[in-house]
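Each remark here refers to the structure printed beneath this line.
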Amino acid sequence: MSVPNGLVNAARTAAQTAARHAAEADADRRLPGAVVDALVAAGFTRSFVPAEFGGQAVGFGELTEAVATVGEGCASAAWVASLLAQGSRTAGYLPEQGRAQVWAKGADSLLVVGFVAQGAAEAVDGGWRLSGTWSYVSGVEFSDWALVLARPDPADLASARFFAVPREEYGIVETWFSLGVRATGSHSLTLDDVFVPAHCSFAWDELLQGRPTGSESPHHRVPLFAVNGLTFGAPVLGAARGALTTAAADLRVPGGPPPGESARVDYARSAGEIEAASLLMRRVAEVADEGRFTDELLARGSRDSALAVDLLVGAVDRLFGRTGTRGQAETQPLQRFWRDVHSAGSHGVLRFEPAAMRFTDLLLSAV
């Protein structure tokens with residue numbers, strides 16, 4: 001697959017900034033403003049924003065590679081970059097008036113998403129009233145808008161809707177104290193009886209099925225399960241590549257003894273697994289960019305994304321396992337990549353077992 005390189009090239013500059021601040025971000029548990037500014041300048045926030053609001057056309061293959069590029073230096077920055085792009089895509093499902101409001105100040109509005117259906121939503125005249133707490137809202141600390149998921153009828157999954165809320169309406173509670181990807185700022189968002197007009201809401205099923213009522217963009221004709229493995233898997237790919245680069249430097253220390261055969265074999269195997277994972281993700285992105293969404297391809301895509309992350313975690317485990325006590329020092333970048341890969345790779349979307357069940361359901365239904 002040929003991947004356009006506009007966003008990827010821009011991401012390289014952001015990656016350099018993110019890498020310079022990676023240790024600081026990890027220690028402080030937040031991305032410095034310079035890194036956030038670099039992600040915006042690279043174009044992640046404009047990804048998937050409709051053209052009429054100043055957005056740019058970005059393919060899923062291009063975005064995946066750009067996110068991974070940032071992740072080679074800092075997985076937290078890559079995670080935020082990926083979720084900011086996803087925020088723009090999610091906001092594109094809003095009705096026209098809602099989209100105009102979200103992007104009133106331009107395409108670089110920082111949009112974050114609360115994907116876990118929490119809180120309470122009550123239908124009122126002209127819209128909804130929301131209250132509650134939403135967990136794991138990555139990037140919420142520096143956001144301009146948040147889209148949160150809630151069920152007006154708690155007993156009915158089909159009632160779930162997204163609601164767009166401006167920054168001045170929500171509070172933030174610091175709840176993100178993770179082993180890895182510490183600087184994503186995936187804290188909790190709170191709302192206290194906030195009114196959300198009808199034009200700032202849309203049904204969850206539109207995003208799930210890729211069937212928007214308000215947008216004609218091909219990016220919004222993509223079902224969520226066709227690409228959500230890429231959203232959360234691309235930062236893991238980048239971190240694994242960063243770990244491999246670090247391990248390569250350790251393997252060829254100038255003036256040091258030549259590495260043993262087992263060290264070389266382990267490095268080669270990890271390098272191959274990381275490349276294999278990249279190819280699996282590239283195929284998933286290719287299907288999404290070409291608009292091919294059969295049940296078989298969707299199930300295969302979920303399987304491939306989860307399998308890719310399993311390969312990446314195993315590859316980094318092998319690299320980290322060879323470093324001994326020295327590699328566990330806080331000053332060593334490999335231990336940070338190892339922590340980041342494990343934390344990001346544990347996301348529910350990337351679990352292999354549910355993906356395997358969906359994949360084999362098709363096989364068994366044909367019996």
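Residues in the structure tokens are numbered from 1 in each chain, the chains being A, B, ... in the order shown, and ligands are numbered from 1 in the order shown.
Residues lying within 8 Å of Ser201 (chain A), counting only C-alpha atoms and ignoring same-chain neighbours fewer than 2 positions away, are Leu94, Pro95, Gly98, Arg161, Phe162, Phe163, Ala164, Val196, Pro197, Ala198, His199 and Ala203 of chain A.
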Problem - 7 Å contact set for Ser343 (chain A), only C-alpha atoms, chain neighbours under 6 positions out, as a PyMOL selection string - result: chain A and resi 179-181
Output all heavy atoms for every residue in the selection just made, as a CSV table (one decimal), in the first residue's frame.
```
chain,number,residue,atom,x,y,z
A,179,LEU,N,0.9,2.9,35.2
A,179,LEU,CA,2.3,2.4,35.1
A,179,LEU,C,3.0,3.0,33.9
A,179,LEU,O,4.2,3.4,33.9
A,179,LEU,CB,2.3,0.9,35.1
A,179,LEU,CG,3.7,0.3,34.8
A,179,LEU,CD1,4.6,0.4,36.0
A,179,LEU,CD2,3.5,-1.2,34.5
A,180,GLY,N,2.3,3.0,32.8
A,180,GLY,CA,2.8,3.4,31.5
A,180,GLY,C,1.9,4.5,30.9
A,180,GLY,O,0.9,4.9,31.4
A,181,VAL,N,2.4,5.0,29.7
A,181,VAL,CA,1.7,6.1,29.0
A,181,VAL,C,1.2,7.1,30.0
A,181,VAL,O,0.1,7.6,30.0
A,181,VAL,CB,0.6,5.7,28.0
A,181,VAL,CG1,1.3,5.1,26.8
A,181,VAL,CG2,-0.3,4.7,28.6
```
Practice task
Quick one: everything within 10 Å of Thr190 (chain A), counting only C-alpha atoms, minus sequence neighbours fewer than 3 positions away in the same chain. Send it as a list in words.
Solution key: Gly119, Leu130, Ser131, Gly132, Thr133, Trp134, Ser135, Glu169, Tyr170, Gly171, Ile172, Val173, Asp193 and Val194 of chain A
Handout entry: region 246-250 of chain A environment, 12 Å, only C-alpha atoms, sequence neighbours closer than 5 positions dropped, as a PyMOL selection string
Key = chain A and resi 72-73+239-241+255-259+263-264+266-268+270-271+315-323+326-327+332-338
Please produce a file of those selected residues containing C-alpha atoms, as a PDB file, in the first residue's frame.
```pdb
ATOM      1  CA  GLU A  72       9.066   6.201  18.407  1.00  0.00           C
ATOM      2  CA  GLY A  73      10.068   8.986  20.766  1.00  0.00           C
ATOM      3  CA  ALA A 239       6.829   2.615  21.027  1.00  0.00           C
ATOM      4  CA  ALA A 240       7.978  -0.825  19.887  1.00  0.00           C
ATOM      5  CA  ARG A 241      10.006   0.765  17.109  1.00  0.00           C
ATOM      6  CA  GLY A 255      34.638  -0.362  21.744  1.00  0.00           C
ATOM      7  CA  GLY A 256      32.546  -2.916  23.616  1.00  0.00           C
ATOM      8  CA  PRO A 257      32.596  -6.678  23.229  1.00  0.00           C
ATOM      9  CA  PRO A 258      30.703  -8.096  20.242  1.00  0.00           C
ATOM     10  CA  PRO A 259      27.184  -9.272  21.120  1.00  0.00           C
ATOM     11  CA  ALA A 263      21.402 -11.517  21.750  1.00  0.00           C
ATOM     12  CA  ARG A 264      21.580 -11.165  17.985  1.00  0.00           C
ATOM     13  CA  ASP A 266      16.574 -12.164  19.963  1.00  0.00           C
ATOM     14  CA  TYR A 267      17.078  -8.764  18.335  1.00  0.00           C
ATOM     15  CA  ALA A 268      16.395 -10.171  14.866  1.00  0.00           C
ATOM     16  CA  SER A 270      11.892  -8.836  17.729  1.00  0.00           C
ATOM     17  CA  ALA A 271      12.692  -6.737  14.650  1.00  0.00           C
ATOM     18  CA  ALA A 315       8.897  -8.243  20.882  1.00  0.00           C
ATOM     19  CA  VAL A 316       9.499  -5.502  23.451  1.00  0.00           C
ATOM     20  CA  ASP A 317       9.396  -8.017  26.303  1.00  0.00           C
ATOM     21  CA  ARG A 318      12.199  -9.926  24.607  1.00  0.00           C
ATOM     22  CA  LEU A 319      14.298  -6.803  24.080  1.00  0.00           C
ATOM     23  CA  PHE A 320      13.757  -5.591  27.622  1.00  0.00           C
ATOM     24  CA  GLY A 321      14.445  -9.005  29.115  1.00  0.00           C
ATOM     25  CA  ARG A 322      18.000  -8.952  27.787  1.00  0.00           C
ATOM     26  CA  THR A 323      18.940  -5.667  29.452  1.00  0.00           C
ATOM     27  CA  ARG A 326      20.871  -1.884  33.960  1.00  0.00           C
ATOM     28  CA  GLY A 327      17.901  -1.549  31.632  1.00  0.00           C
ATOM     29  CA  GLN A 332      17.036   4.204  30.573  1.00  0.00           C
ATOM     30  CA  PRO A 333      14.484   4.825  27.799  1.00  0.00           C
ATOM     31  CA  LEU A 334      13.908   1.111  27.189  1.00  0.00           C
ATOM     32  CA  GLN A 335      12.117   0.659  30.505  1.00  0.00           C
ATOM     33  CA  ARG A 336       9.787   3.521  29.596  1.00  0.00           C
ATOM     34  CA  PHE A 337       8.995   1.958  26.223  1.00  0.00           C
ATOM     35  CA  TRP A 338       8.377  -1.368  27.983  1.00  0.00           C
TER      36      TRP A 338
END
```
Exercise for the section: From region 174-346 of chain A, collect each residue whose DSSP state is alpha helix (DSSP H) and return the set as number ranges by chain. Expected result: A: 204-209, 224-251, 261-290, 295-321, 333-345
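Distances here use only C-alpha atoms; by that measure, the residue among A:Arg211, A:Ala23, A:Gly6, A:Trp103 closest to Thr331 (chain A) is A:Ala23.
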Practice task
Give me the residues within 6 Å of region 24-39 of chain A as JSON, numbers by chain, counting only C-alpha atoms and dropping any in the same chain fewer than 4 places off.
Solution key: {"A": [14, 18, 182, 183, 185]}
With N, CA, C and O atoms kept, could you save the residues just selected as a PDB file, in the first residue's frame?
```pdb
ATOM      1  N   ALA A  14       7.195  16.857  14.902  1.00  0.00           N
ATOM      2  CA  ALA A  14       6.537  16.677  16.193  1.00  0.00           C
ATOM      3  C   ALA A  14       7.206  15.568  16.989  1.00  0.00           C
ATOM      4  O   ALA A  14       7.326  15.653  18.222  1.00  0.00           O
ATOM      5  N   ALA A  18       8.602  15.656  20.763  1.00  0.00           N
ATOM      6  CA  ALA A  18       8.087  14.713  21.754  1.00  0.00           C
ATOM      7  C   ALA A  18       9.218  13.902  22.377  1.00  0.00           C
ATOM      8  O   ALA A  18       9.231  13.655  23.594  1.00  0.00           O
ATOM      9  N   ARG A 182       2.092   7.497  30.932  1.00  0.00           N
ATOM     10  CA  ARG A 182       1.711   8.325  32.075  1.00  0.00           C
ATOM     11  C   ARG A 182       1.274   9.732  31.684  1.00  0.00           C
ATOM     12  O   ARG A 182       0.508  10.378  32.408  1.00  0.00           O
ATOM     13  N   ALA A 183       1.792  10.231  30.548  1.00  0.00           N
ATOM     14  CA  ALA A 183       1.582  11.637  30.213  1.00  0.00           C
ATOM     15  C   ALA A 183       0.370  11.872  29.318  1.00  0.00           C
ATOM     16  O   ALA A 183       0.212  12.967  28.792  1.00  0.00           O
ATOM     17  N   GLY A 185      -2.620  12.153  30.233  1.00  0.00           N
ATOM     18  CA  GLY A 185      -3.632  12.967  30.902  1.00  0.00           C
ATOM     19  C   GLY A 185      -5.024  12.387  30.776  1.00  0.00           C
ATOM     20  O   GLY A 185      -5.996  13.130  30.602  1.00  0.00           O
TER      21      GLY A 185
END
```
Handout entry: strand (DSSP E) positions in region 116-310 of chain A, given as a ChimeraX atom specification
Key = /A:120-124,127-137,145-150,161-166,171-173,187-197,201-203
Using only C-alpha atoms, what does the table of region 152-256 of chain A residues within 12 Å of region 351-367 of chain A look like, with each row giving the shortest atom pair and its distance in Å to one decimal, sorted by chain and ascending number, as a tab-separated table?
```
residue	atom	partner	partner_atom	distance
A:Phe225	CA	A:Ala355	CA	10.4
A:Ala226	CA	A:Ala355	CA	11.9
A:Gly229	CA	A:Arg351	CA	9.6
A:Phe232	CA	A:Arg351	CA	11.1
A:Gly233	CA	A:Arg351	CA	10.7
```
